[in-house]
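Structure file my_file_30.cif; described as mmCIF, C-alpha atoms.
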```cif
data_target
loop_
_atom_site.label_atom_id
_atom_site.label_comp_id
_atom_site.auth_asym_id
_atom_site.auth_seq_id
_atom_site.Cartn_x
_atom_site.Cartn_y
_atom_site.Cartn_z
CA MET A 1 -40.50 -25.19 -60.74
CA SER A 2 -42.37 -25.42 -57.56
CA ASN A 3 -40.97 -24.65 -54.15
CA SER A 4 -41.58 -27.13 -51.46
CA PRO A 5 -42.61 -25.93 -47.96
CA GLU A 6 -39.15 -26.94 -46.64
CA GLN A 7 -37.36 -24.74 -49.15
CA ALA A 8 -39.64 -21.80 -48.37
CA THR A 9 -38.67 -21.83 -44.66
CA GLN A 10 -34.97 -21.95 -45.52
CA LYS A 11 -35.10 -18.69 -47.44
CA ARG A 12 -33.05 -16.02 -45.78
CA VAL A 13 -35.03 -12.95 -44.85
CA PRO A 14 -32.99 -9.72 -44.94
CA VAL A 15 -32.54 -7.77 -41.70
CA ASN A 16 -34.62 -4.65 -41.69
CA ARG A 17 -33.44 -1.33 -40.31
CA ARG A 18 -35.16 -1.69 -36.92
CA GLU A 19 -33.60 -5.11 -36.26
CA PHE A 20 -30.19 -3.85 -37.32
CA LEU A 21 -30.38 -0.89 -34.91
CA ASN A 22 -31.53 -3.20 -32.08
CA LEU A 23 -28.58 -5.54 -32.71
CA ALA A 24 -26.15 -2.59 -32.90
CA TRP A 25 -27.55 -1.18 -29.63
CA LEU A 26 -27.19 -4.54 -27.83
CA ALA A 27 -23.64 -5.01 -29.16
CA SER A 28 -22.55 -1.54 -28.02
CA LEU A 29 -24.16 -2.14 -24.62
CA GLY A 30 -22.22 -5.41 -24.35
CA PHE A 31 -18.90 -3.70 -25.21
CA PHE A 32 -19.64 -0.94 -22.70
CA THR A 33 -20.38 -3.50 -19.97
CA LEU A 34 -17.15 -5.38 -20.71
CA ASN A 35 -15.13 -2.14 -20.55
CA ILE A 36 -16.67 -1.14 -17.22
CA ALA A 37 -16.04 -4.64 -15.81
CA GLY A 38 -12.41 -4.53 -16.96
CA VAL A 39 -11.75 -1.09 -15.49
CA THR A 40 -13.44 -2.08 -12.22
CA TYR A 41 -11.25 -5.19 -11.98
CA LEU A 42 -8.03 -3.25 -12.67
CA PHE A 43 -9.02 -0.52 -10.20
CA SER A 44 -9.66 -3.05 -7.44
CA MET A 45 -6.22 -4.69 -7.77
CA PRO A 46 -3.58 -3.46 -5.30
CA ARG A 47 -0.85 -1.44 -6.96
CA PHE A 48 1.59 -1.04 -4.10
CA LYS A 49 5.11 -2.11 -4.84
CA GLU A 50 8.08 -2.46 -2.56
CA GLY A 51 9.55 0.93 -1.84
CA GLU A 52 6.31 2.87 -2.43
CA PHE A 53 3.88 4.30 0.10
CA GLY A 54 1.37 1.61 0.99
CA GLY A 55 4.02 -1.10 0.71
CA VAL A 56 7.24 -2.02 2.47
CA VAL A 57 9.99 0.63 2.39
CA ASN A 58 13.63 -0.08 3.26
CA ALA A 59 15.02 2.68 5.48
CA GLY A 60 18.64 1.46 5.58
CA SER A 61 20.62 -0.18 8.32
CA VAL A 62 20.46 0.65 12.01
CA SER A 63 24.03 2.02 11.87
CA GLU A 64 22.88 4.63 9.30
CA LEU A 65 20.15 5.96 11.59
CA PRO A 66 20.64 9.16 13.56
CA ALA A 67 21.94 8.59 17.08
CA PRO A 68 19.34 8.34 19.86
CA GLY A 69 18.32 11.80 21.02
CA SER A 70 19.17 13.51 17.71
CA ALA A 71 16.76 14.84 15.08
CA PRO A 72 14.55 12.20 13.39
CA LEU A 73 15.17 11.09 9.82
CA ASN A 74 12.70 12.44 7.24
CA LEU A 75 11.61 9.74 4.74
CA PRO A 76 9.36 11.45 2.15
CA VAL A 77 8.87 8.25 0.11
CA ALA A 78 7.34 6.54 3.15
CA LYS A 79 5.60 9.72 4.44
CA THR A 80 7.35 8.96 7.70
CA TRP A 81 9.63 10.40 10.33
CA LEU A 82 12.00 7.64 11.49
CA SER A 83 12.92 8.48 15.06
CA ASN A 84 15.68 6.70 16.98
CA THR A 85 14.81 7.41 20.60
CA GLU A 86 16.34 6.11 23.83
CA ALA A 87 13.53 3.53 23.92
CA GLY A 88 14.13 2.35 20.34
CA VAL A 89 13.25 2.98 16.69
CA VAL A 90 9.79 4.21 15.72
CA ALA A 91 8.28 5.20 12.32
CA LEU A 92 5.81 8.07 12.75
CA TYR A 93 3.20 8.85 10.09
CA LYS A 94 3.69 12.48 8.94
CA VAL A 95 0.01 13.39 9.35
CA CYS A 96 -1.15 15.14 12.53
CA THR A 97 -3.87 13.31 14.43
CA HIS A 98 -5.89 16.51 14.88
CA LEU A 99 -7.01 17.57 11.40
CA GLY A 100 -4.52 15.86 9.09
CA CYS A 101 -1.96 18.66 8.69
CA LEU A 102 1.68 17.80 8.00
CA TYR A 103 3.78 18.46 11.10
CA ASN A 104 7.54 19.09 11.24
CA TRP A 105 10.45 18.53 13.56
CA ASN A 106 11.58 21.66 15.41
CA ASN A 107 15.34 21.46 16.08
CA GLN A 108 15.36 24.29 18.63
CA GLN A 109 12.63 22.80 20.81
CA GLN A 110 13.49 19.13 20.06
CA LYS A 111 9.89 18.10 19.35
CA PHE A 112 7.34 17.78 16.56
CA ILE A 113 5.07 20.80 16.14
CA CYS A 114 2.03 21.02 13.89
CA PRO A 115 2.02 24.44 12.16
CA CYS A 116 -1.78 24.53 11.73
CA HIS A 117 -3.11 24.35 15.28
CA GLY A 118 -0.05 23.98 17.48
CA SER A 119 -0.23 20.35 18.60
CA GLN A 120 3.11 19.19 19.99
CA PHE A 121 4.61 15.71 20.23
CA GLU A 122 7.75 14.09 21.66
CA ALA A 123 10.37 12.49 19.40
CA ASP A 124 8.68 9.10 19.95
CA GLY A 125 5.28 10.53 18.89
CA SER A 126 3.84 10.89 22.41
CA TYR A 127 1.33 13.72 22.88
CA ILE A 128 2.58 16.82 24.74
CA LYS A 129 -0.12 19.47 24.24
CA GLY A 130 -2.56 20.95 21.77
CA PRO A 131 -5.89 20.02 20.24
CA ALA A 132 -4.76 16.62 18.89
CA PRO A 133 -6.89 13.82 20.41
CA ARG A 134 -4.08 11.25 20.57
CA SER A 135 -0.39 10.60 20.06
CA LEU A 136 0.99 10.31 16.53
CA ASP A 137 0.11 7.27 14.45
CA ARG A 138 2.92 4.82 13.67
CA PHE A 139 3.78 2.29 11.03
CA VAL A 140 4.91 -1.28 11.63
CA VAL A 141 8.71 -1.42 11.82
CA ARG A 142 10.80 -4.55 11.25
CA ALA A 143 14.47 -5.26 11.78
CA ILE A 144 15.72 -7.73 9.15
CA ASP A 145 18.97 -9.72 9.26
CA PRO A 146 20.86 -8.66 6.08
CA ASN A 147 22.44 -12.11 5.63
CA THR A 148 19.47 -14.44 6.13
CA GLY A 149 16.47 -12.14 5.58
CA GLU A 150 15.08 -13.32 8.92
CA VAL A 151 12.91 -10.93 10.95
CA LEU A 152 14.91 -10.11 14.11
CA ALA A 153 12.37 -7.81 15.72
CA GLU A 154 8.99 -6.36 14.81
CA ALA A 155 6.68 -3.77 16.34
CA VAL A 156 3.23 -4.81 15.09
CA ASP A 157 0.13 -3.94 17.12
CA SER A 158 1.98 -2.04 19.77
CA PRO A 159 2.67 1.65 20.19
CA LEU A 160 6.04 0.70 21.68
CA PRO A 161 9.20 1.29 19.61
CA LEU A 162 11.56 -1.38 18.29
CA GLU A 163 14.43 -1.91 20.72
CA ASN A 164 17.68 -3.88 21.09
CA ILE A 165 18.38 -4.13 17.35
CA PRO A 166 21.82 -5.19 16.02
CA ALA A 167 23.72 -2.39 14.21
CA ASN A 168 23.87 -4.28 10.90
CA ALA A 169 20.11 -5.01 10.78
CA ILE A 170 18.05 -3.49 7.97
CA ILE A 171 15.04 -1.40 9.00
CA GLN A 172 11.84 -1.94 7.00
CA ILE A 173 8.71 0.21 7.37
CA ASP A 174 5.39 -1.32 6.36
CA THR A 175 3.37 1.75 5.37
CA GLY A 176 0.37 -0.45 4.65
CA LYS A 177 -0.05 -1.21 8.37
CA LYS A 178 -0.74 1.82 10.55
CA VAL A 179 -0.91 1.62 14.35
CA THR A 180 -3.22 4.28 15.82
CA GLY A 181 -1.69 6.52 18.47
CA VAL A 182 -2.67 6.28 22.14
CA THR A 183 -5.57 8.55 23.14
CA HIS A 184 -4.60 11.04 25.85
CA THR A 185 -6.77 12.03 28.79
#
```
Mind turning this structure into structure tokens?
Amino acid sequence: MSNSPEQATQKRVPVNRREFLNLAWLASLGFFTLNIAGVTYLFSMPRFKEGEFGGVVNAGSVSELPAPGSAPLNLPVAKTWLSNTEAGVVALYKVCTHLGCLYNWNNQQQKFICPCHGSQFEADGSYIKGPAPRSLDRFVVRAIDPNTGEVLAEAVDSPLPLENIPANAIIQIDTGKKVTGVTHT
């Protein structure tokens, strides 16, 4: 029996060792690239949920806040001090503007004091003295109507506190939106 030229080209040639290793290398490189792309995509997706730092945190109703002039409310979940001052409600980021230390409220002196370098701030976050270059940073605060979900008041790009809020309003702190404190002279 004679083989025609067409049948000779259709014969399957076995893969030698070098070709097999090249194919295996390219396949593993492809899987590695897909894994890196998948991890990069998942890492770049925002993971903030409501009630977590970086998202919106409910701080309760205005009636549950401390009275104006009393000690601020510590909210560890939001990394915030919620201060109800005579001027209104303000959410202060717990990190000192000097070198990033965590400051605390001093009940005896009625002010915030940074234990690292001694910067001092009023209850509304205003700079008093110390090496800090500016007043405390704040988060955006919203007052929400509990019945309709409508925003009653909001302090967005302003260092001023939220004021004239109804007692039944719900306070929300948007820890994803920080307002930089005012630089002192």
Around all the atoms of range 72-91 of chain A listed in the file, with 8 Å of room on each side, what axis-aligned box do you get, giving centre and edge lengths in Å to one decimal, as JSON?
```
{"center_x": 11.0, "center_y": 7.4, "center_z": 12.0, "size_x": 26.7, "size_y": 26.1, "size_z": 39.8}
```
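For the atom pair formed by CA of Asn107 in chain A and CA of Ala87 in chain A, the distance is 19.7 Å, given to one decimal.
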>> Given the point (4.9, 12.8, 20.1) in the file's coordinates, find the residues that have an atom at most 9 Å from it, counting only C-alpha atoms, and give them as number ranges by chain.
In response: A: 92, 111-113, 120-128, 135-136
> Within 6 Å of Val179 in chain A, counting only C-alpha atoms, which residues qualify if same-chain residues fewer than 6 places away don't, as an NGL selection string?
Replying inline: :A and (137-139)
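Relative to CA of Val77 in chain A, CA of Gly130 in chain A is found at 27.6 Å.
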> What is the CA of Val95 in chain A to CA of Val57 in chain A distance in Å?
Replying inline: 17.6 Å
> How would you write, as a PyMOL selection string, the residues chosen by the PyMOL selection byres ((chain A and resi 183) around 8) on this structure?
Replying inline: chain A and resi 133-135+181-182+184-185
>> As a check of understanding, name the residues that the PyMOL selection byres ((chain A and resi 170) around 10) selects in the supplied structure, as a list of chain:residue names.
In response: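 Applying the expression gives A:Asn58, A:Ala59, A:Gly60, A:Ser61, A:Val62, A:Ser63, A:Glu64, A:Arg142, A:Ala143, A:Ile144, A:Asp145, A:Pro146, A:Asn147, A:Gly149, A:Val151, A:Leu152, A:Ile165, A:Pro166, A:Ala167, A:Asn168, A:Ala169, A:Ile171, A:Gln172.
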>> I'd like the residues picked by the PyMOL selection byres ((chain A and resi 94) around 9) written out as number ranges by chain, using the chain letters and numbers from the file.
In response: A: 76, 79-81, 92-93, 95-96, 100-104, 136-137
> Do you know which residues are at most 10 Å from range 84-86 of chain A counting all atoms listed in the file, after dropping those on the same chain fewer than 6 positions away, and could you put them as a ChimeraX atom specification?
Replying inline: /A:62,65-73,122-124,161-163
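With distances restricted to all atoms listed in the file, A:Ser83 is the closest residue to Gln110 in chain A from A:Val141, A:Ile36, A:Ser83, A:Leu23.
Minimum atom-to-atom distances from A:Leu82, A:Val140, A:Ala155, A:Leu29 to Gly176 in chain A were compared using all atoms listed in the file, and the lowest value belongs to A:Val140.
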Could you add all heavy atoms to range 30-41 of chain A and give me the result as a short mmCIF file (atom, residue, chain, number, x, y, z; two decimals), in the coordinates of the input?
```cif
data_model
loop_
_atom_site.label_atom_id
_atom_site.label_comp_id
_atom_site.auth_asym_id
_atom_site.auth_seq_id
_atom_site.Cartn_x
_atom_site.Cartn_y
_atom_site.Cartn_z
N GLY A 30 -23.09 -4.32 -24.78
CA GLY A 30 -22.22 -5.41 -24.35
C GLY A 30 -20.77 -4.95 -24.24
O GLY A 30 -20.07 -5.26 -23.27
N PHE A 31 -20.28 -4.22 -25.25
CA PHE A 31 -18.90 -3.70 -25.21
C PHE A 31 -18.72 -2.73 -24.04
O PHE A 31 -17.70 -2.76 -23.35
CB PHE A 31 -18.52 -3.02 -26.52
CG PHE A 31 -18.27 -3.97 -27.65
CD1 PHE A 31 -18.93 -3.81 -28.85
CD2 PHE A 31 -17.38 -5.02 -27.51
CE1 PHE A 31 -18.71 -4.69 -29.89
CE2 PHE A 31 -17.15 -5.90 -28.55
CZ PHE A 31 -17.81 -5.75 -29.75
N PHE A 32 -19.70 -1.88 -23.81
CA PHE A 32 -19.64 -0.94 -22.70
C PHE A 32 -19.56 -1.68 -21.37
O PHE A 32 -18.76 -1.35 -20.50
CB PHE A 32 -20.86 0.00 -22.73
CG PHE A 32 -20.90 0.96 -21.60
CD1 PHE A 32 -20.04 2.05 -21.56
CD2 PHE A 32 -21.80 0.79 -20.55
CE1 PHE A 32 -20.07 2.95 -20.50
CE2 PHE A 32 -21.83 1.68 -19.50
CZ PHE A 32 -20.99 2.76 -19.47
N THR A 33 -20.39 -2.70 -21.20
CA THR A 33 -20.38 -3.50 -19.97
C THR A 33 -19.05 -4.19 -19.76
O THR A 33 -18.52 -4.22 -18.65
CB THR A 33 -21.53 -4.54 -20.00
OG1 THR A 33 -22.76 -3.85 -20.20
CG2 THR A 33 -21.59 -5.34 -18.72
N LEU A 34 -18.47 -4.74 -20.82
CA LEU A 34 -17.15 -5.38 -20.71
C LEU A 34 -16.07 -4.38 -20.32
O LEU A 34 -15.20 -4.67 -19.50
CB LEU A 34 -16.78 -6.07 -22.03
CG LEU A 34 -17.48 -7.38 -22.31
CD1 LEU A 34 -17.13 -7.88 -23.71
CD2 LEU A 34 -17.09 -8.43 -21.27
N ASN A 35 -16.12 -3.17 -20.89
CA ASN A 35 -15.13 -2.14 -20.55
C ASN A 35 -15.25 -1.74 -19.08
O ASN A 35 -14.24 -1.61 -18.38
CB ASN A 35 -15.30 -0.91 -21.44
CG ASN A 35 -14.69 -1.11 -22.80
OD1 ASN A 35 -13.72 -1.85 -22.95
ND2 ASN A 35 -15.25 -0.46 -23.80
N ILE A 36 -16.46 -1.52 -18.62
CA ILE A 36 -16.67 -1.14 -17.22
C ILE A 36 -16.19 -2.26 -16.29
O ILE A 36 -15.55 -2.00 -15.26
CB ILE A 36 -18.15 -0.78 -16.95
CG1 ILE A 36 -18.53 0.48 -17.70
CG2 ILE A 36 -18.44 -0.64 -15.46
CD1 ILE A 36 -17.76 1.71 -17.28
N ALA A 37 -16.49 -3.50 -16.64
CA ALA A 37 -16.04 -4.64 -15.81
C ALA A 37 -14.52 -4.71 -15.78
O ALA A 37 -13.92 -4.95 -14.72
CB ALA A 37 -16.64 -5.94 -16.34
N GLY A 38 -13.87 -4.50 -16.92
CA GLY A 38 -12.41 -4.53 -16.96
C GLY A 38 -11.78 -3.42 -16.14
O GLY A 38 -10.83 -3.65 -15.39
N VAL A 39 -12.29 -2.22 -16.26
CA VAL A 39 -11.75 -1.09 -15.49
C VAL A 39 -11.99 -1.31 -14.00
O VAL A 39 -11.11 -1.04 -13.18
CB VAL A 39 -12.39 0.23 -15.98
CG1 VAL A 39 -12.09 1.36 -15.02
CG2 VAL A 39 -11.91 0.57 -17.37
N THR A 40 -13.14 -1.81 -13.63
CA THR A 40 -13.44 -2.08 -12.22
C THR A 40 -12.47 -3.12 -11.66
O THR A 40 -11.95 -2.97 -10.55
CB THR A 40 -14.89 -2.57 -12.06
OG1 THR A 40 -15.76 -1.57 -12.57
CG2 THR A 40 -15.23 -2.85 -10.61
N TYR A 41 -12.19 -4.16 -12.41
CA TYR A 41 -11.25 -5.19 -11.98
C TYR A 41 -9.85 -4.60 -11.79
O TYR A 41 -9.21 -4.82 -10.77
CB TYR A 41 -11.21 -6.34 -12.99
CG TYR A 41 -10.16 -7.36 -12.69
CD1 TYR A 41 -10.34 -8.27 -11.65
CD2 TYR A 41 -8.98 -7.42 -13.41
CE1 TYR A 41 -9.38 -9.20 -11.34
CE2 TYR A 41 -8.01 -8.35 -13.11
CZ TYR A 41 -8.21 -9.24 -12.09
OH TYR A 41 -7.25 -10.16 -11.78
#
```
